[in-house]
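In what follows, a structure is listed as structure tokens, so that the remarks can point back to it.
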Amino acid sequence: MIGVDVLAILVAVGYTASLLVLTVYGLHWGWWAWMRRQYAVTDAAAPSSWPAVTVQIPLYNEPEVAARVIDACAQLDYPADRLHIQVLDDSTDSTSAQVAERVAYWRQQDRSIAHIQRDHRAGYKAGALAHGLNRTEAPLVAIFDADFVPPANFLRAMVPHLADPEVGMVQARWAHRNTRSNWCTWCQAVGLNAHFGLEQAGRHAGAFFMHFNGTAGVWKRRCIEEAGGWQSDTLTEDLDLSYRAQLAGWKLVYIDDVAVPADLPGTVAAWRTQQFRWTKGAIETARKLLWALWRSDERMRAKVAGSLHLLAHLAFPAIVGAALLHAPLLVAAAYSNAIPSALLHGLTAGVVGFVAFAWAVWVAQRAAGWSVGDIVRGLPAFFLGSMGLAVNNTKAVYAALRRRTIPFRRTPKGAQTRAVHATSLTTRAAEALLGGYCALGVGALWMHQVWIALPFQAALAASFLLMAFTDWWQHAKKRQAGMSRPDGIHLDAEQNGVGPATPGYDDVAARRCEEDANPV
């Protein structure tokens with residue numbers, strides 16, 4: 001039995017480490033839920049003279065949404081002689097023709113708008129933004145990704161907050177145009193509500209490091225330049241610049257009352273692509289800036305909070321570790337007396353962390369104006385989706401730690417989601433295998449009558465299987481739909497969001513989004 005005891009202890013150590021990471025991050029989210037109670041932004045008066053603003057729209061092969069974002073930016077309510085728009089178009093497809101047509105149209109309407117193209121993609125999005133910045137003298141720069149639709153009052157609501165000489169950037173909240181499309185859009189909406197309503201609001205309230213979310217924000221040009229400019233040595237140029245700016249002494253501000261509607265990735269494959277980039281980029285940024293953070297003169301709790309922020313995606317390897325070891329540990333405990341007390345304490349800590357996490361997510365949805373019914377529908381999707389992403393995001397963490405160079409892959413939109421499935425085959429297979437393994441764990445726990453552990457084990461199995469087979473089903477559906485059309489192209493209604501006539505358009509969500517984007 002010595003061998004069984006040793007094995008049980010080794011499994012317990014690995015499981016406890018995984019559970020400890022998850023518990024810390026669960027409690028950390030609970031802390032942000034507490035901190036957001038103090039969130040407040042001082043009203044900023046409109047300036048006597050509005051400063052010049054350049055709006056940058058970085059694009060790369062996004063024909064389904066390019067015209068929409070250009071039209072929205074051209075209709076921003078701001079003095080026309082103070083507003084300039086740059087369409088930073090690195091596209092190699094029909095997007096460029098659409099951009100040229102819309103730019104020509106808005107020039108006829110006396111809008112100052114430029115179609116800027118490069119003959120390379122050096123630096124990807126960061127390179128495009130830096131290239132555009134070199135071609136404007138405006139003191140303020142607003143940035144919108146292609147799938148965002150800024151409300152007309154965006155600049156008038158945001159720019160006054162930059163009158164404070166210490167503020168270098170103001171970030172708006174994201175709203176969602178297609179929450180109800182499917183379970184993975186529900187999941188994303190819940191997670192993003194929690195990010196903005198808890199993390200961004202809590203960091204702002206406590207004067208902790210926060211970050212620009214890559215879009216729907218306005219920067220001071222001087223802040224960007226003093227922080228070292230846009231750099232492309234990570235996949236999250238937004239997070240990287242945000243931390244460098246704050247380390248240089250600038251403050252960033254989060255404005256919860258201004259919301260910018262956007263499309264959530266409508267397929268698991270597109271969602272995976274986005275999450276892989278965010279995860280890998282965050283760990284790359286941690287490798288780049290964590291030491292600088294700890295060498296700074298910031299408060300100790302700001303350093304701790306910043307470290308947890310930059311390393312937050314380590315929760316995904318911890319989920320994989322828990323999935324692999326949860327059932328074996330409990331089964332081993334049935335045959336060994338070496339770890340029962342430690343196991344009990346570990347499970348108790350995990351429950352406390354989960355309760356704090358669940359409470360924080362609930363608070364965030366209520367703050368976003370969700371009804372109890374919406375929350376009850378959204379939370380299960382969020383928990384299953386968050387766990388189901390663990391395989392994909394663990395691969396991203398591993399790639400970042402190994403310093404693997406991976407090109408910047410923008411989140412696919414519309415028909416282009418189909419092309420991503422070929423690259424996600426190994427991930428899908430790994431998720432299916434891990435889901436099957438966890439399902440066997442459900443059977444093992446049932447046989448040994450470990451009833452208290454069954455819900456978590458069942459949730460693990462369901463999350464990985466749901467992720468793998470939803471991806472497979474969406475892939476098969478898109479291939480069939482694409483082959484049924486003469487041009488071989490199938491457009492996702494939930495990605496295009498072209499209006500109520502589009503099948504799958506969520507009219508209720510759109511109305512709510514409009515209300516969020518234009519608060520009274």
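Just so we're on the same page: first chain in the structure tokens is A, next is B, and so on; residues restart at 1 for each chain, and ligands are numbered from 1 in the order they show up.
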task: From a DSSP pass on the backbone, collect the residues of region 214-283 of chain A flagged as strand (DSSP E) and hand them back as an NGL selection string.
output: :A and (217-220 or 251-262)
Do you have, as a Markdown table, the list of residues of region 383-406 of chain A lying at most 8 Å from region 461-468 of chain A, each with its nearest atom pair and that distance in Å to one decimal, counting only C-alpha atoms and ordered by chain then number?
| residue | atom | partner | partner_atom | distance |
| --- | --- | --- | --- | --- |
| A:Leu384 | CA | A:Ser463 | CA | 4.6 |
| A:Gly385 | CA | A:Ser463 | CA | 6.2 |
| A:Met387 | CA | A:Ser463 | CA | 6.0 |
| A:Gly388 | CA | A:Ser463 | CA | 4.6 |
| A:Leu389 | CA | A:Met467 | CA | 7.5 |
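Proximity to Gln38 (chain A) was assessed for A:Arg301, A:Lys288, A:His84, A:Arg203 counting only C-alpha atoms; the smallest distance is recorded for A:Arg203.
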message: Just checking: using only C-alpha atoms, which residue out of A:Ala432, A:Val41, A:Leu235, A:Ala157 ends up closest to Leu252 (chain A)?
response: A:Val41
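The shell of residues at most 8 Å from region 134-145 of chain A, with only C-alpha atoms counted and near chain neighbours (fewer than 4 positions) removed, consists of Pro51, Ala52, Val53, Thr54, Val55, Gln56, Ile57, Pro58, Leu59, Val69, Ala130, Pro150, Gly214, Thr215, Ala216, Gly217, Val218, Trp219, Lys220, Arg221 and Arg222 of chain A.
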Kindly export the residues of the current selection with N, CA and C atoms, as a compact mmCIF listing (two decimals), in the first residue's frame.
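The resulting file, selection18.txt, is reproduced below:
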# COMPACT_ATOMS: atom_id res chain seq x y z
N PRO A 51 -10.85 69.73 -28.62
CA PRO A 51 -9.56 69.42 -29.24
C PRO A 51 -9.73 68.56 -30.49
N ALA A 52 -8.74 68.59 -31.35
CA ALA A 52 -8.78 67.77 -32.56
C ALA A 52 -8.62 66.30 -32.19
N VAL A 53 -9.41 65.47 -32.86
CA VAL A 53 -9.39 64.02 -32.62
C VAL A 53 -9.21 63.30 -33.95
N THR A 54 -8.31 62.33 -33.95
CA THR A 54 -8.20 61.41 -35.08
C THR A 54 -8.80 60.08 -34.68
N VAL A 55 -9.76 59.59 -35.45
CA VAL A 55 -10.36 58.28 -35.20
C VAL A 55 -9.67 57.27 -36.10
N GLN A 56 -9.08 56.25 -35.50
CA GLN A 56 -8.38 55.21 -36.25
C GLN A 56 -9.22 53.94 -36.31
N ILE A 57 -9.37 53.39 -37.52
CA ILE A 57 -10.12 52.15 -37.72
C ILE A 57 -9.18 51.14 -38.39
N PRO A 58 -8.52 50.27 -37.62
CA PRO A 58 -7.64 49.27 -38.24
C PRO A 58 -8.47 48.14 -38.85
N LEU A 59 -8.19 47.79 -40.10
CA LEU A 59 -8.94 46.76 -40.82
C LEU A 59 -7.99 45.76 -41.47
N VAL A 69 -18.65 50.20 -39.72
CA VAL A 69 -17.88 50.96 -38.75
C VAL A 69 -17.45 52.31 -39.32
N ALA A 130 0.55 52.59 -35.31
CA ALA A 130 1.73 53.45 -35.27
C ALA A 130 1.92 54.19 -36.59
N PRO A 150 -19.72 52.69 -32.77
CA PRO A 150 -19.79 53.73 -31.74
C PRO A 150 -21.05 54.57 -31.84
N GLY A 214 -8.26 47.69 -26.38
CA GLY A 214 -7.95 47.56 -27.79
C GLY A 214 -8.88 48.30 -28.72
N THR A 215 -10.01 48.76 -28.20
CA THR A 215 -11.02 49.44 -29.00
C THR A 215 -11.96 50.19 -28.06
N ALA A 216 -12.71 51.15 -28.60
CA ALA A 216 -13.69 51.92 -27.83
C ALA A 216 -13.03 52.73 -26.72
N GLY A 217 -11.87 53.30 -27.03
CA GLY A 217 -11.18 54.16 -26.09
C GLY A 217 -10.56 55.34 -26.81
N VAL A 218 -10.16 56.35 -26.02
CA VAL A 218 -9.52 57.55 -26.56
C VAL A 218 -8.21 57.79 -25.81
N TRP A 219 -7.13 57.94 -26.57
CA TRP A 219 -5.79 58.16 -26.01
C TRP A 219 -5.35 59.60 -26.24
N LYS A 220 -4.52 60.10 -25.32
CA LYS A 220 -3.74 61.29 -25.60
C LYS A 220 -2.51 60.86 -26.39
N ARG A 221 -2.25 61.54 -27.46
CA ARG A 221 -1.09 61.23 -28.28
C ARG A 221 0.20 61.27 -27.44
N ARG A 222 0.31 62.27 -26.57
CA ARG A 222 1.52 62.42 -25.76
C ARG A 222 1.72 61.24 -24.83
Residues flagged helix (DSSP H, G or I) by DSSP in region 103-199 of chain A, as a CSV table (one decimal) with C-alpha atoms, in the first residue's frame:
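New file states.csv:
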chain,number,residue,atom,x,y,z
A,103,VAL,CA,-14.3,57.0,-48.0
A,104,ALA,CA,-15.3,58.6,-51.3
A,105,TYR,CA,-18.9,59.0,-50.2
A,106,TRP,CA,-18.0,60.6,-46.9
A,107,ARG,CA,-15.5,63.0,-48.6
A,108,GLN,CA,-18.4,64.2,-50.7
A,124,TYR,CA,0.0,43.8,-37.5
A,125,LYS,CA,-2.5,46.0,-35.6
A,126,ALA,CA,0.2,47.7,-33.6
A,127,GLY,CA,2.1,48.5,-36.7
A,128,ALA,CA,-1.0,49.9,-38.4
A,129,LEU,CA,-1.8,52.1,-35.5
A,130,ALA,CA,1.7,53.4,-35.3
A,131,HIS,CA,1.8,54.1,-39.0
A,132,GLY,CA,-1.4,56.1,-38.8
A,133,LEU,CA,-0.2,58.0,-35.7
A,154,PHE,CA,-19.2,58.8,-28.0
A,155,LEU,CA,-16.5,61.6,-28.4
A,156,ARG,CA,-18.6,64.3,-26.6
A,157,ALA,CA,-19.0,61.9,-23.7
A,158,MET,CA,-15.4,60.7,-23.5
A,159,VAL,CA,-13.2,63.7,-24.5
A,160,PRO,CA,-14.0,65.9,-21.5
A,161,HIS,CA,-12.4,63.4,-19.2
A,162,LEU,CA,-9.1,63.9,-20.9
A,163,ALA,CA,-8.9,67.5,-19.7
A,183,TRP,CA,-24.7,29.5,-25.9
A,184,CYS,CA,-21.2,30.7,-26.6
A,185,THR,CA,-22.4,34.3,-27.2
A,186,TRP,CA,-24.3,34.1,-23.9
A,187,CYS,CA,-21.1,32.9,-22.3
A,188,GLN,CA,-19.0,35.7,-23.8
A,189,ALA,CA,-21.5,38.4,-22.8
A,190,VAL,CA,-21.5,37.3,-19.2
A,191,GLY,CA,-17.7,37.2,-19.1
A,192,LEU,CA,-17.3,40.6,-20.7
A,193,ASN,CA,-19.9,42.1,-18.4
A,194,ALA,CA,-17.9,40.8,-15.5
A,195,HIS,CA,-14.7,42.1,-16.9
A,196,PHE,CA,-16.0,45.7,-17.4
A,197,GLY,CA,-18.5,45.8,-14.5
A,198,LEU,CA,-16.1,44.3,-11.9
A,199,GLU,CA,-12.5,44.4,-13.1
- request: Name the closest residue to Ala207 (chain A) among the candidates A:Arg272, A:Arg121, A:Arg36, A:Lys477; distances are taken between atoms, counting only C-alpha atoms.
  value: A:Arg36
task: Please provide as a PyMOL selection string all residues within 9 Å of His211 (chain A), with the sequence filter that same-chain residues fewer than 2 positions apart are discarded (counting only C-alpha atoms).
output: chain A and resi 171+200+209+213-214+238-243+252-254
Expected file contents, prior selection, N, CA, C and O atoms, as a tab-separated table (two decimals), in the first residue's frame:
chain	number	residue	atom	x	y	z
A	171	GLN	N	-11.46	54.66	-21.34
A	171	GLN	CA	-12.00	53.44	-21.93
A	171	GLN	C	-13.50	53.36	-21.69
A	171	GLN	O	-13.96	53.57	-20.56
A	200	GLN	N	-12.70	46.31	-14.53
A	200	GLN	CA	-12.37	47.67	-14.93
A	200	GLN	C	-12.90	48.69	-13.92
A	200	GLN	O	-12.19	49.63	-13.53
A	209	PHE	N	-3.86	49.36	-11.49
A	209	PHE	CA	-3.57	49.35	-12.92
A	209	PHE	C	-4.76	48.73	-13.67
A	209	PHE	O	-5.25	47.67	-13.30
A	213	ASN	N	-8.80	48.29	-23.75
A	213	ASN	CA	-9.28	47.02	-24.28
A	213	ASN	C	-9.11	46.88	-25.79
A	213	ASN	O	-9.74	46.03	-26.41
A	214	GLY	N	-8.26	47.69	-26.38
A	214	GLY	CA	-7.95	47.56	-27.79
A	214	GLY	C	-8.88	48.30	-28.72
A	214	GLY	O	-8.59	48.47	-29.90
A	238	ASP	N	-2.47	46.34	-26.76
A	238	ASP	CA	-3.27	47.24	-25.92
A	238	ASP	C	-2.89	47.11	-24.44
A	238	ASP	O	-2.69	48.11	-23.74
A	239	LEU	N	-2.80	45.89	-23.96
A	239	LEU	CA	-2.42	45.64	-22.57
A	239	LEU	C	-0.98	46.11	-22.32
A	239	LEU	O	-0.68	46.73	-21.29
A	240	ASP	N	-0.11	45.83	-23.25
A	240	ASP	CA	1.30	46.23	-23.15
A	240	ASP	C	1.44	47.74	-23.02
A	240	ASP	O	2.08	48.26	-22.09
A	241	LEU	N	0.81	48.50	-23.93
A	241	LEU	CA	0.90	49.96	-23.88
A	241	LEU	C	0.26	50.50	-22.61
A	241	LEU	O	0.77	51.46	-22.01
A	242	SER	N	-0.84	49.91	-22.18
A	242	SER	CA	-1.53	50.38	-20.98
A	242	SER	C	-0.61	50.32	-19.76
A	242	SER	O	-0.53	51.28	-18.97
A	243	TYR	N	0.07	49.20	-19.58
A	243	TYR	CA	0.96	49.07	-18.42
A	243	TYR	C	2.17	49.98	-18.54
A	243	TYR	O	2.60	50.60	-17.55
A	252	LEU	N	-5.21	55.93	-16.25
A	252	LEU	CA	-6.22	55.49	-17.20
A	252	LEU	C	-7.58	55.51	-16.51
A	252	LEU	O	-7.68	55.20	-15.32
A	253	VAL	N	-8.61	55.85	-17.24
A	253	VAL	CA	-9.95	56.03	-16.67
A	253	VAL	C	-10.94	55.12	-17.39
A	253	VAL	O	-10.89	54.98	-18.62
A	254	TYR	N	-11.84	54.51	-16.61
A	254	TYR	CA	-12.89	53.68	-17.18
A	254	TYR	C	-14.23	54.41	-17.02
A	254	TYR	O	-14.60	54.84	-15.93
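Comparing the minimum interatomic distances between Phe383 (chain A) and each of A:Ala152, A:Ala315, A:Leu460, A:Leu325, counting only C-alpha atoms, we find that A:Leu460 sits nearest.
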message: as a PyMOL selection string, please: the residues near Arg428 (chain A) (cut-off 10 Å, only C-alpha atoms, same-chain neighbours under 4 positions excluded).
response: chain A and resi 269+391-392+421+423-424+432-434+464-465+467-472
Let's have the selection written as a PDB file, in the first residue's frame, with N, CA, C and O atoms.
ATOM      1  N   ALA A 269     -15.094  28.261 -32.930  1.00  0.00           N
ATOM      2  CA  ALA A 269     -13.777  28.391 -33.554  1.00  0.00           C
ATOM      3  C   ALA A 269     -13.298  29.835 -33.546  1.00  0.00           C
ATOM      4  O   ALA A 269     -12.141  30.123 -33.248  1.00  0.00           O
ATOM      5  N   VAL A 391      -8.466  23.982 -22.473  1.00  0.00           N
ATOM      6  CA  VAL A 391      -7.485  23.312 -23.334  1.00  0.00           C
ATOM      7  C   VAL A 391      -6.873  24.316 -24.310  1.00  0.00           C
ATOM      8  O   VAL A 391      -5.645  24.419 -24.447  1.00  0.00           O
ATOM      9  N   ASN A 392      -7.715  25.057 -25.007  1.00  0.00           N
ATOM     10  CA  ASN A 392      -7.256  26.055 -25.973  1.00  0.00           C
ATOM     11  C   ASN A 392      -6.341  27.079 -25.324  1.00  0.00           C
ATOM     12  O   ASN A 392      -5.256  27.393 -25.841  1.00  0.00           O
ATOM     13  N   HIS A 421     -11.700  26.525 -38.708  1.00  0.00           N
ATOM     14  CA  HIS A 421     -11.942  25.193 -38.192  1.00  0.00           C
ATOM     15  C   HIS A 421     -10.809  24.229 -38.500  1.00  0.00           C
ATOM     16  O   HIS A 421     -10.534  23.325 -37.735  1.00  0.00           O
ATOM     17  N   THR A 423      -7.723  24.748 -38.388  1.00  0.00           N
ATOM     18  CA  THR A 423      -6.622  24.907 -37.444  1.00  0.00           C
ATOM     19  C   THR A 423      -7.005  24.467 -36.041  1.00  0.00           C
ATOM     20  O   THR A 423      -6.146  24.357 -35.185  1.00  0.00           O
ATOM     21  N   SER A 424      -8.288  24.239 -35.771  1.00  0.00           N
ATOM     22  CA  SER A 424      -8.715  23.899 -34.413  1.00  0.00           C
ATOM     23  C   SER A 424      -8.976  22.402 -34.237  1.00  0.00           C
ATOM     24  O   SER A 424      -9.509  21.987 -33.225  1.00  0.00           O
ATOM     25  N   ALA A 432     -12.461  16.724 -26.747  1.00  0.00           N
ATOM     26  CA  ALA A 432     -13.330  15.545 -26.747  1.00  0.00           C
ATOM     27  C   ALA A 432     -12.735  14.443 -25.882  1.00  0.00           C
ATOM     28  O   ALA A 432     -13.447  13.780 -25.105  1.00  0.00           O
ATOM     29  N   LEU A 433     -11.428  14.229 -25.988  1.00  0.00           N
ATOM     30  CA  LEU A 433     -10.772  13.192 -25.182  1.00  0.00           C
ATOM     31  C   LEU A 433     -10.824  13.531 -23.696  1.00  0.00           C
ATOM     32  O   LEU A 433     -11.105  12.664 -22.855  1.00  0.00           O
ATOM     33  N   LEU A 434     -10.556  14.790 -23.362  1.00  0.00           N
ATOM     34  CA  LEU A 434     -10.593  15.182 -21.950  1.00  0.00           C
ATOM     35  C   LEU A 434     -12.022  15.115 -21.422  1.00  0.00           C
ATOM     36  O   LEU A 434     -12.244  14.708 -20.266  1.00  0.00           O
ATOM     37  N   PHE A 464     -16.084  20.312 -21.620  1.00  0.00           N
ATOM     38  CA  PHE A 464     -15.176  19.945 -22.708  1.00  0.00           C
ATOM     39  C   PHE A 464     -15.927  19.296 -23.867  1.00  0.00           C
ATOM     40  O   PHE A 464     -15.631  19.564 -25.042  1.00  0.00           O
ATOM     41  N   LEU A 465     -16.893  18.462 -23.554  1.00  0.00           N
ATOM     42  CA  LEU A 465     -17.674  17.825 -24.623  1.00  0.00           C
ATOM     43  C   LEU A 465     -18.526  18.852 -25.363  1.00  0.00           C
ATOM     44  O   LEU A 465     -18.664  18.800 -26.593  1.00  0.00           O
ATOM     45  N   MET A 467     -17.880  22.043 -25.754  1.00  0.00           N
ATOM     46  CA  MET A 467     -16.997  22.864 -26.588  1.00  0.00           C
ATOM     47  C   MET A 467     -16.607  22.113 -27.862  1.00  0.00           C
ATOM     48  O   MET A 467     -16.690  22.656 -28.974  1.00  0.00           O
ATOM     49  N   ALA A 468     -16.194  20.861 -27.717  1.00  0.00           N
ATOM     50  CA  ALA A 468     -15.726  20.087 -28.870  1.00  0.00           C
ATOM     51  C   ALA A 468     -16.839  19.821 -29.870  1.00  0.00           C
ATOM     52  O   ALA A 468     -16.666  20.016 -31.082  1.00  0.00           O
ATOM     53  N   PHE A 469     -17.993  19.411 -29.396  1.00  0.00           N
ATOM     54  CA  PHE A 469     -19.045  18.992 -30.314  1.00  0.00           C
ATOM     55  C   PHE A 469     -19.861  20.165 -30.857  1.00  0.00           C
ATOM     56  O   PHE A 469     -20.415  20.076 -31.947  1.00  0.00           O
ATOM     57  N   THR A 470     -19.921  21.288 -30.123  1.00  0.00           N
ATOM     58  CA  THR A 470     -20.520  22.484 -30.714  1.00  0.00           C
ATOM     59  C   THR A 470     -19.664  22.966 -31.875  1.00  0.00           C
ATOM     60  O   THR A 470     -20.180  23.351 -32.933  1.00  0.00           O
ATOM     61  N   ASP A 471     -18.356  22.920 -31.695  1.00  0.00           N
ATOM     62  CA  ASP A 471     -17.442  23.304 -32.772  1.00  0.00           C
ATOM     63  C   ASP A 471     -17.647  22.400 -33.991  1.00  0.00           C
ATOM     64  O   ASP A 471     -17.758  22.871 -35.128  1.00  0.00           O
ATOM     65  N   TRP A 472     -17.696  21.111 -33.743  1.00  0.00           N
ATOM     66  CA  TRP A 472     -17.896  20.162 -34.848  1.00  0.00           C
ATOM     67  C   TRP A 472     -19.230  20.424 -35.551  1.00  0.00           C
ATOM     68  O   TRP A 472     -19.307  20.437 -36.780  1.00  0.00           O
TER      69      TRP A 472
END
- prompt: So which one's closest to Ala356 (chain A), A:His115, A:His326, A:Lys280, A:His28? Using only C-alpha atoms, please.
  reply: A:His28
message: I'd like the contact shell of Leu27 (chain A) - 9 Å cut-off, only C-alpha atoms, skipping same-chain residues fewer than 3 positions apart - returned as an NGL selection string.
response: :A and (22-24 or 30-32 or 352-357)
task: Measure the distance from CA of Leu247 (chain A) to CA of His313 (chain A) in Å and round it to one decimal.
output: 21.8 Å
